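Student: My structure is in structure_22.tsv, and what it holds is TSV, C-alpha atoms and all ligand atoms:
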```
chain	number	residue	atom	x	y	z
S	1	MET	CA	243.87	323.25	126.42
S	2	GLU	CA	244.49	321.32	123.24
S	3	THR	CA	244.01	317.59	123.19
S	4	GLY	CA	247.66	316.75	122.56
S	5	GLU	CA	248.72	318.78	125.58
S	6	SER	CA	246.09	317.27	127.84
S	7	LEU	CA	247.30	313.84	126.76
S	8	LEU	CA	250.73	314.82	128.00
S	9	SER	CA	249.69	316.35	131.30
S	10	ASP	CA	247.12	313.65	132.09
S	11	ARG	CA	249.46	310.81	131.34
S	12	PRO	CA	248.80	308.00	133.79
S	13	GLY	CA	251.80	306.75	135.76
S	14	SER	CA	252.14	303.57	133.73
S	15	LEU	CA	252.63	305.71	130.64
S	16	ALA	CA	255.33	308.01	132.04
S	17	GLN	CA	257.28	309.35	129.11
S	18	PRO	CA	260.88	308.16	128.90
S	19	GLN	CA	263.40	310.96	129.13
S	20	ALA	CA	266.04	309.95	126.57
S	21	ALA	CA	267.15	313.01	124.59
S	22	GLU	CA	268.93	311.22	121.73
S	23	LEU	CA	268.60	308.09	119.65
S	24	THR	CA	271.93	307.24	118.04
S	25	ALA	CA	273.33	304.82	115.49
S	26	GLU	CA	277.09	304.48	115.94
S	27	LYS	CA	279.14	303.01	113.08
S	28	VAL	CA	276.35	300.57	112.23
S	29	VAL	CA	276.99	297.79	109.74
S	30	VAL	CA	274.30	295.30	108.65
S	31	ARG	CA	275.19	292.40	106.37
S	32	PHE	CA	272.72	289.99	104.83
S	33	GLY	CA	274.98	287.18	103.61
S	34	GLY	CA	277.30	288.84	101.11
S	35	LEU	CA	275.25	292.05	100.88
S	36	ALA	CA	276.15	295.06	103.03
S	37	ALA	CA	272.74	296.70	103.49
S	38	ILE	CA	274.25	299.28	105.88
S	39	SER	CA	277.94	300.22	105.89
S	40	ASP	CA	279.36	302.23	108.80
S	41	VAL	CA	276.43	304.58	109.29
S	42	SER	CA	276.36	307.00	112.23
S	43	LEU	CA	273.54	309.41	112.99
S	44	THR	CA	271.71	310.93	115.95
S	45	VAL	CA	268.03	311.85	116.13
S	46	GLN	CA	267.39	314.57	118.71
S	47	ARG	CA	264.24	314.82	120.75
S	48	GLY	CA	262.11	317.69	119.46
S	49	GLU	CA	263.24	317.58	115.84
S	50	VAL	CA	261.95	316.16	112.57
S	51	PHE	CA	264.87	314.17	111.18
S	52	GLY	CA	264.50	313.11	107.55
S	53	LEU	CA	266.06	309.85	106.32
S	54	ILE	CA	266.18	309.75	102.55
S	55	GLY	CA	267.81	307.80	99.74
S	56	PRO	CA	266.94	305.77	96.65
S	57	ASN	CA	265.14	302.42	96.84
S	58	GLY	CA	267.34	299.84	98.51
S	59	ALA	CA	269.52	302.51	100.16
S	60	GLY	CA	269.07	300.85	103.56
S	61	LYS	CA	266.53	303.21	105.17
S	62	THR	CA	264.19	300.51	106.46
S	63	THR	CA	267.10	298.35	107.60
S	64	LEU	CA	268.46	301.26	109.64
S	65	VAL	CA	265.04	301.92	111.18
S	66	ASN	CA	264.84	298.22	112.00
S	67	CYS	CA	268.16	298.59	113.87
S	68	LEU	CA	266.97	301.73	115.69
S	69	THR	CA	263.85	299.90	116.91
S	70	GLY	CA	265.28	296.48	117.83
S	71	PHE	CA	263.92	294.57	114.81
S	72	GLN	CA	267.40	294.04	113.36
S	73	ALA	CA	270.64	293.53	115.28
S	74	PRO	CA	273.59	295.38	113.72
S	75	THR	CA	276.34	293.08	112.43
S	76	SER	CA	278.69	295.59	114.09
S	77	GLY	CA	278.37	299.04	115.61
S	78	ARG	CA	275.70	299.92	118.15
S	79	ILE	CA	272.44	301.71	118.83
S	80	MET	CA	272.32	304.02	121.87
S	81	LEU	CA	269.22	305.47	123.52
S	82	GLY	CA	269.91	308.45	125.76
S	83	GLY	CA	273.55	307.40	125.84
S	84	GLU	CA	272.72	303.87	126.96
S	85	PRO	CA	273.79	300.90	124.79
S	86	THR	CA	270.80	298.82	123.64
S	87	ALA	CA	272.57	295.57	122.69
S	88	GLY	CA	270.21	292.62	123.13
S	89	TRP	CA	267.07	294.75	123.50
S	90	SER	CA	263.93	293.27	121.93
S	91	PRO	CA	261.53	295.47	119.91
S	92	ASP	CA	259.28	295.36	122.96
S	93	LYS	CA	262.04	296.73	125.17
S	94	PHE	CA	262.68	299.54	122.66
S	95	ARG	CA	258.95	300.36	122.76
S	96	LYS	CA	258.89	300.39	126.53
S	97	GLN	CA	261.96	302.62	126.61
S	98	GLY	CA	260.20	305.13	124.37
S	99	VAL	CA	261.01	304.19	120.77
S	100	ALA	CA	257.86	303.71	118.67
S	101	ARG	CA	257.51	303.08	114.95
S	102	THR	CA	255.17	302.49	112.07
S	103	PHE	CA	255.81	300.04	109.24
S	104	GLN	CA	256.23	300.66	105.53
S	105	ALA	CA	253.18	298.49	104.88
S	106	GLY	CA	250.77	299.67	107.59
S	107	ARG	CA	249.68	297.04	110.09
S	108	LEU	CA	246.16	297.78	111.35
S	109	PHE	CA	243.78	295.15	112.66
S	110	ARG	CA	241.47	295.49	109.70
S	111	ASP	CA	238.45	293.74	111.24
S	112	MET	CA	238.52	295.80	114.43
S	113	THR	CA	237.10	299.30	114.80
S	114	VAL	CA	239.31	302.36	114.63
S	115	LEU	CA	238.86	302.88	118.37
S	116	GLU	CA	239.75	299.28	119.17
S	117	ASN	CA	242.89	299.55	117.05
S	118	VAL	CA	244.15	302.44	119.15
S	119	GLU	CA	242.76	301.13	122.42
S	120	VAL	CA	244.68	297.84	122.24
S	121	THR	CA	247.96	299.74	122.49
S	122	ALA	CA	246.84	301.31	125.77
S	123	VAL	CA	245.53	298.00	127.11
S	124	GLY	CA	248.87	296.44	126.17
S	125	LEU	CA	250.56	299.06	128.35
S	126	GLY	CA	248.52	297.95	131.34
S	127	LEU	CA	245.73	300.53	131.37
S	128	GLY	CA	242.26	299.42	132.46
S	129	ARG	CA	239.58	299.24	129.76
S	130	ARG	CA	237.86	302.49	130.68
S	131	ALA	CA	241.09	304.50	130.88
S	132	ALA	CA	242.29	302.90	127.65
S	133	ILE	CA	239.13	303.92	125.81
S	134	ALA	CA	239.31	307.49	127.16
S	135	ARG	CA	242.91	307.85	126.14
S	136	ALA	CA	242.30	306.29	122.72
S	137	MET	CA	239.36	308.65	122.10
S	138	ALA	CA	241.49	311.67	123.09
S	139	MET	CA	244.15	310.52	120.66
S	140	LEU	CA	241.63	309.95	117.85
S	141	ASP	CA	240.29	313.42	118.49
S	142	TRP	CA	243.80	314.81	118.05
S	143	VAL	CA	244.36	312.96	114.77
S	144	GLY	CA	240.97	314.15	113.51
S	145	LEU	CA	239.34	310.72	113.43
S	146	ALA	CA	237.02	310.85	116.45
S	147	ALA	CA	233.98	310.72	114.15
S	148	GLN	CA	235.27	307.46	112.64
S	149	ALA	CA	235.92	305.75	115.99
S	150	ASN	CA	233.34	303.01	115.50
S	151	ARG	CA	234.10	302.33	111.89
S	152	VAL	CA	235.80	299.06	110.91
S	153	ALA	CA	239.44	299.93	110.24
S	154	GLY	CA	239.57	297.94	106.99
S	155	THR	CA	237.05	300.34	105.40
S	156	LEU	CA	239.02	303.52	106.12
S	157	ALA	CA	240.46	305.69	103.39
S	158	TYR	CA	244.16	305.03	102.90
S	159	THR	CA	245.27	308.33	104.41
S	160	ASP	CA	243.10	307.83	107.48
S	161	GLU	CA	244.50	304.34	107.90
S	162	ARG	CA	247.98	305.85	108.10
S	163	ARG	CA	246.84	308.37	110.70
S	164	VAL	CA	245.46	305.55	112.85
S	165	GLY	CA	248.81	303.77	112.57
S	166	ILE	CA	250.61	306.89	113.78
S	167	ALA	CA	248.02	307.39	116.55
S	168	ARG	CA	248.72	303.87	117.77
S	169	ALA	CA	252.44	304.57	117.95
S	170	LEU	CA	251.83	307.88	119.75
S	171	MET	CA	249.75	306.09	122.39
S	172	LEU	CA	253.05	304.78	123.75
S	173	SER	CA	254.06	308.36	124.73
S	174	PRO	CA	257.29	307.80	122.84
S	175	ALA	CA	260.44	309.85	123.16
S	176	PHE	CA	261.06	308.96	119.50
S	177	ILE	CA	258.70	307.92	116.73
S	178	LEU	CA	260.06	306.45	113.50
S	179	LEU	CA	257.79	306.65	110.46
S	180	ASP	CA	258.70	304.49	107.46
S	181	GLU	CA	257.11	306.12	104.41
S	182	PRO	CA	253.84	307.06	106.11
S	183	ALA	CA	252.68	308.79	102.93
S	184	ALA	CA	253.56	305.98	100.50
S	185	GLY	CA	250.92	305.56	97.82
S	186	MET	CA	249.30	308.93	98.47
S	187	SER	CA	248.76	311.74	96.01
S	188	ASP	CA	251.07	314.77	96.33
S	189	ALA	CA	248.33	316.75	98.06
S	190	GLU	CA	247.54	313.94	100.53
S	191	CYS	CA	251.24	313.43	101.20
S	192	GLU	CA	251.75	317.13	101.88
S	193	ASP	CA	248.77	317.16	104.19
S	194	LEU	CA	249.95	314.13	106.17
S	195	VAL	CA	253.58	315.18	106.42
S	196	GLU	CA	252.72	318.73	107.51
S	197	TRP	CA	250.63	317.16	110.24
S	198	VAL	CA	253.51	314.82	111.17
S	199	ALA	CA	255.72	317.89	111.55
S	200	THR	CA	253.53	319.11	114.43
S	201	ILE	CA	254.18	315.91	116.44
S	202	PRO	CA	257.50	316.88	118.11
S	203	LYS	CA	256.04	319.91	119.86
S	204	ARG	CA	252.69	318.33	120.74
S	205	PHE	CA	254.19	315.14	122.09
S	206	ASP	CA	257.64	316.26	123.19
S	207	CYS	CA	259.36	313.66	121.04
S	208	GLY	CA	261.70	313.30	118.10
S	209	VAL	CA	260.42	312.16	114.70
S	210	LEU	CA	262.46	310.19	112.18
S	211	LEU	CA	260.68	310.42	108.83
S	212	ILE	CA	261.33	308.38	105.68
S	213	GLU	CA	259.68	309.96	102.67
S	214	HIS	CA	260.46	310.08	98.94
S	215	ASN	CA	258.71	313.36	98.10
S	216	MET	CA	261.67	315.74	98.21
S	217	ARG	CA	259.64	318.92	98.28
S	218	VAL	CA	257.77	317.78	101.36
S	219	ILE	CA	260.91	316.48	103.08
S	220	MET	CA	262.74	319.74	102.46
S	221	SER	CA	259.88	321.79	103.87
S	222	VAL	CA	259.31	319.92	107.17
S	223	CYS	CA	262.68	318.49	108.28
S	224	ASP	CA	265.06	320.20	110.67
S	225	ARG	CA	267.89	317.94	109.49
S	226	ILE	CA	268.22	315.32	106.78
S	227	HIS	CA	270.49	312.27	106.46
S	228	VAL	CA	271.04	310.81	103.00
S	229	LEU	CA	271.82	307.13	102.46
S	230	ASP	CA	272.92	305.62	99.17
S	231	GLY	CA	273.80	301.96	98.72
S	232	GLY	CA	273.96	301.54	102.51
S	233	ARG	CA	276.44	304.37	103.00
S	234	SER	CA	275.99	307.86	104.44
S	235	LEU	CA	276.21	310.35	101.63
S	236	ALA	CA	275.43	313.56	103.50
S	237	GLU	CA	273.77	315.04	106.54
S	238	GLY	CA	272.62	318.60	107.09
S	239	THR	CA	269.82	321.13	106.96
S	240	PRO	CA	267.47	321.03	103.97
S	241	VAL	CA	269.42	323.90	102.38
S	242	GLU	CA	272.74	322.10	102.85
S	243	ILE	CA	271.31	318.89	101.40
S	244	GLN	CA	269.77	320.64	98.42
S	245	ASP	CA	273.11	322.25	97.62
S	246	ASN	CA	275.14	319.04	98.00
S	247	PRO	CA	276.40	317.87	94.57
S	248	ALA	CA	276.78	314.23	95.65
S	249	VAL	CA	273.16	314.17	96.78
S	250	MET	CA	272.00	315.77	93.58
S	251	ALA	CA	273.87	313.16	91.55
S	252	ALA	CA	272.88	310.10	93.57
S	253	TYR	CA	269.37	310.92	94.58
S	254	LEU	CA	267.80	314.06	93.25
S	255	GLY	CA	269.10	313.19	89.80
S	256	MET	CA	266.81	310.16	89.80
S	257	GLU	CA	263.70	312.24	90.32
S	258	PRO	CA	261.66	312.91	87.20
Y	1	LIG	N1	265.98	290.58	105.45
Y	1	LIG	C1	266.74	290.84	104.39
Y	1	LIG	N2	267.49	289.87	103.83
Y	1	LIG	C2	268.29	290.10	102.77
Y	1	LIG	N3	268.43	291.32	102.20
Y	1	LIG	C3	267.71	292.34	102.71
Y	1	LIG	C4	266.83	292.15	103.82
Y	1	LIG	N4	266.25	293.35	104.12
Y	1	LIG	C5	266.75	294.22	103.23
Y	1	LIG	N5	267.62	293.62	102.39
Y	1	LIG	C6	268.38	294.29	101.32
Y	1	LIG	O1	269.08	295.36	101.93
Y	1	LIG	C7	269.10	296.51	101.08
Y	1	LIG	C8	268.47	297.68	101.79
Y	1	LIG	O2	267.07	297.45	101.89
Y	1	LIG	P1	266.08	298.41	102.67
Y	1	LIG	O3	264.76	297.77	102.64
Y	1	LIG	O4	266.65	298.77	103.97
Y	1	LIG	O5	266.11	299.71	101.71
Y	1	LIG	P2	265.17	301.00	101.71
Y	1	LIG	O6	266.08	302.18	101.63
Y	1	LIG	O7	264.22	300.93	102.84
Y	1	LIG	O8	264.38	300.85	100.32
Y	1	LIG	P3	262.91	301.31	99.89
Y	1	LIG	O9	263.01	302.78	99.54
Y	1	LIG	O10	262.62	300.47	98.68
Y	1	LIG	O11	261.98	301.03	101.02
Y	1	LIG	C9	268.39	296.09	99.80
Y	1	LIG	O12	269.33	295.67	98.88
Y	1	LIG	C10	267.51	294.93	100.25
Y	1	LIG	O13	267.23	294.06	99.19
Y	2	MG	MG	262.18	300.90	102.95
```
What is this structure when it is put down as C-alpha cells?

Tutor:
Amino acid sequence: METGESLLSDRPGSLAQPQAAELTAEKVVVRFGGLAAISDVSLTVQRGEVFGLIGPNGAGKTTLVNCLTGFQAPTSGRIMLGGEPTAGWSPDKFRKQGVARTFQAGRLFRDMTVLENVEVTAVGLGLGRRAAIARAMAMLDWVGLAAQANRVAGTLAYTDERRVGIARALMLSPAFILLDEPAAGMSDAECEDLVEWVATIPKRFDCGVLLIEHNMRVIMSVCDRIHVLDGGRSLAEGTPVEIQDNPAVMAAYLGMEP
C-alpha cells in the first residue's frame, strides 16, 4: 500500500475527512476602499479535480483565495462549502471544515525541524505527540522528505520548503487545498516537477486542488479546468484547450507572456 493511501485509511477519528464535494464562490465582490479587487466572480472547485486560477498580477487571485478560506469577507456575494453558506466563518473554521491553503510567501517555522513543522499541525488537531509524529513522518515520506525530517526548516532548499508547506496543509485531511503560487521563484524545471507532483494530490488524498501558477505551459498540462481573472473580473472558464483558444484570454493574459 502506498503511503498516501495508508494515510487515508488509517486516519484517526479526530481527523475524519470532511465530505463536502464543492467549494463555491457565488457572485463575489471585494472592495478595498474605492478599488474593486473582485467584481462579481462565480466559480466552483470540485473535489477530485485540479482547478487552475490564473490571471495577470493584481487580477485578484489571492483575494479570491482569501475569500475561499475565510481570510477575507466578501463585500457582497457568498462562499459555499458543500452547499452550505460560510458567512461569518473564521479561517480556523474553514480549516476544520476541510479547506486548507498555503500562502504566496511560504510560512514555515524556520527554526524548527522539518518534522516539527509538520507535526505541529497534527498536534493542533488534537492528536497525541506519538500519533502526531507517526502521521507527520508518513506524510514526509509521501512528499519525499523523510530523510530531511531532522533538518532545521530554515536551511531547506526552496523547493523542499514549498513541499513542507503543502505537507502541512495536507495533514488536515482537507476536502480542498488551495495553493497560492507554490512554485513562485522556481526554475522552469523545478516548477514543472513541483506542479506535476501537485497534480497527483487529488487522487491520493481524495480532495480538490485550486492552483495559482503563472507558468502557462505547466498550468495547461495539469489542470482539469481553468478560471481566468483579469482586473478582478472573470474573463473565461474552461478546459485547458478552451482557454488556450479563447481570444480574450490571449489578449489579456497570454499576450503579456514573453
Ligand atoms: N488588503 C488590501 N488592501 C487594499 N488593496 C488590496 C489588498 N489586497 C489586495 N489589494 C489589491 O487588490 C488587487 C488584487 O490583488 P491580489 O493580490 O488579489 O492579486 P493577485 O492576482 O493575487 O496578484 P499577484 O499575481 O501579483 O499575486 C490589487 O490591485 C491589489 O493591490
Ligand atoms: Mg497573488

Student: Of the candidates S:Ala100, S:Leu81, S:Ala147, S:Leu35, which one gets nearest to Asp180 (chain S) if we count all atoms listed in the file?

Tutor: S:Ala100

Student: Identify which of the residues S:Ala146, S:Ala59, S:Val118, S:Val30 lies closest to ligand LIG 1 (chain Y), counting all atoms listed in the file when measuring atom-to-atom distances.

Tutor: S:Ala59

Student: Please determine, counting only C-alpha atoms, which residue among S:Gly144, S:Pro182, S:Gly232, S:Gly208 has the shortest atom-to-atom distance to Tyr158 (chain S).

Tutor: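 That would be S:Pro182, the residue with the smallest distance to Tyr158 (chain S).
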
Student: Given all atoms listed in the file, how would the per-residue table for chain S near ligand LIG 1 (chain Y) read, listing every residue at most 6 Å away with its closest atom pair and distance in Å to one decimal, sorted by chain and number, as JSON lines?

Tutor:
```
{"residue": "S:Phe32", "atom": "CA", "partner": "Y:LIG1", "partner_atom": "C2", "distance": 4.9}
{"residue": "S:Ala37", "atom": "CA", "partner": "Y:LIG1", "partner_atom": "O1", "distance": 4.2}
{"residue": "S:Pro56", "atom": "CA", "partner": "Y:LIG1", "partner_atom": "O9", "distance": 5.7}
{"residue": "S:Asn57", "atom": "CA", "partner": "Y:LIG1", "partner_atom": "O9", "distance": 3.5}
{"residue": "S:Gly58", "atom": "CA", "partner": "Y:LIG1", "partner_atom": "O5", "distance": 3.4}
{"residue": "S:Ala59", "atom": "CA", "partner": "Y:LIG1", "partner_atom": "O6", "distance": 3.8}
{"residue": "S:Gly60", "atom": "CA", "partner": "Y:LIG1", "partner_atom": "O4", "distance": 3.2}
{"residue": "S:Lys61", "atom": "CA", "partner": "Y:LIG1", "partner_atom": "O6", "distance": 3.7}
{"residue": "S:Thr62", "atom": "CA", "partner": "Y:LIG1", "partner_atom": "O7", "distance": 3.6}
{"residue": "S:Thr63", "atom": "CA", "partner": "Y:LIG1", "partner_atom": "O4", "distance": 3.7}
```

Student: Find, counting all atoms listed in the file, the residue in S:Val241, S:Met80, S:Ala175, S:Val222 that gets nearest to Asp193 (chain S).

Tutor: S:Val222

Student: Between CA of Leu194 (chain S) and CA of Arg162 (chain S), what is the distance in Å, rounded to a tenth?

Tutor: 8.7 Å

Student: Looking at S:Leu115, S:Ala21, S:Val218, S:Leu68, which one is nearest to Lys93 (chain S), with distances taken over only C-alpha atoms?

Tutor: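 Closest to Lys93 (chain S), using only C-alpha atoms: S:Leu68.
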
Student: Hey, can you check how far CA of Thr159 (chain S) sits from CA of Lys96 (chain S)?

Tutor: 27.2 Å

Student: Which residue is closest to Trp142 (chain S)? Choose from S:Arg101, S:Arg233, S:Arg168, S:Arg78 and count only C-alpha atoms.

Tutor: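 The answer is S:Arg168, which sits nearest to Trp142 (chain S).
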
Student: Give me, as a VMD selection string, all polymer residues having an atom no more than 12 Å from Ala169 (chain S), counting only C-alpha atoms and skipping those fewer than 4 positions away in the same chain.

Tutor: chain S and resid 95 to 96 98 to 103 106 to 108 117 to 122 125 136 139 162 to 165 173 to 179 201 205 207 209

Student: CA of Ile38 (chain S) and CA of Leu229 (chain S), how far apart in Å?

Tutor: 8.9 Å

Student: Starting from the point (263.6, 320.2, 106.1), work out which residues of protein, DNA or RNA have an atom no more than 12 Å away when counting only C-alpha atoms; state them as JSON, numbers by chain.

Tutor: {"S": [49, 50, 51, 52, 53, 54, 195, 196, 199, 210, 211, 213, 215, 216, 217, 218, 219, 220, 221, 222, 223, 224, 225, 226, 227, 237, 238, 239, 240, 241, 242, 243, 244]}
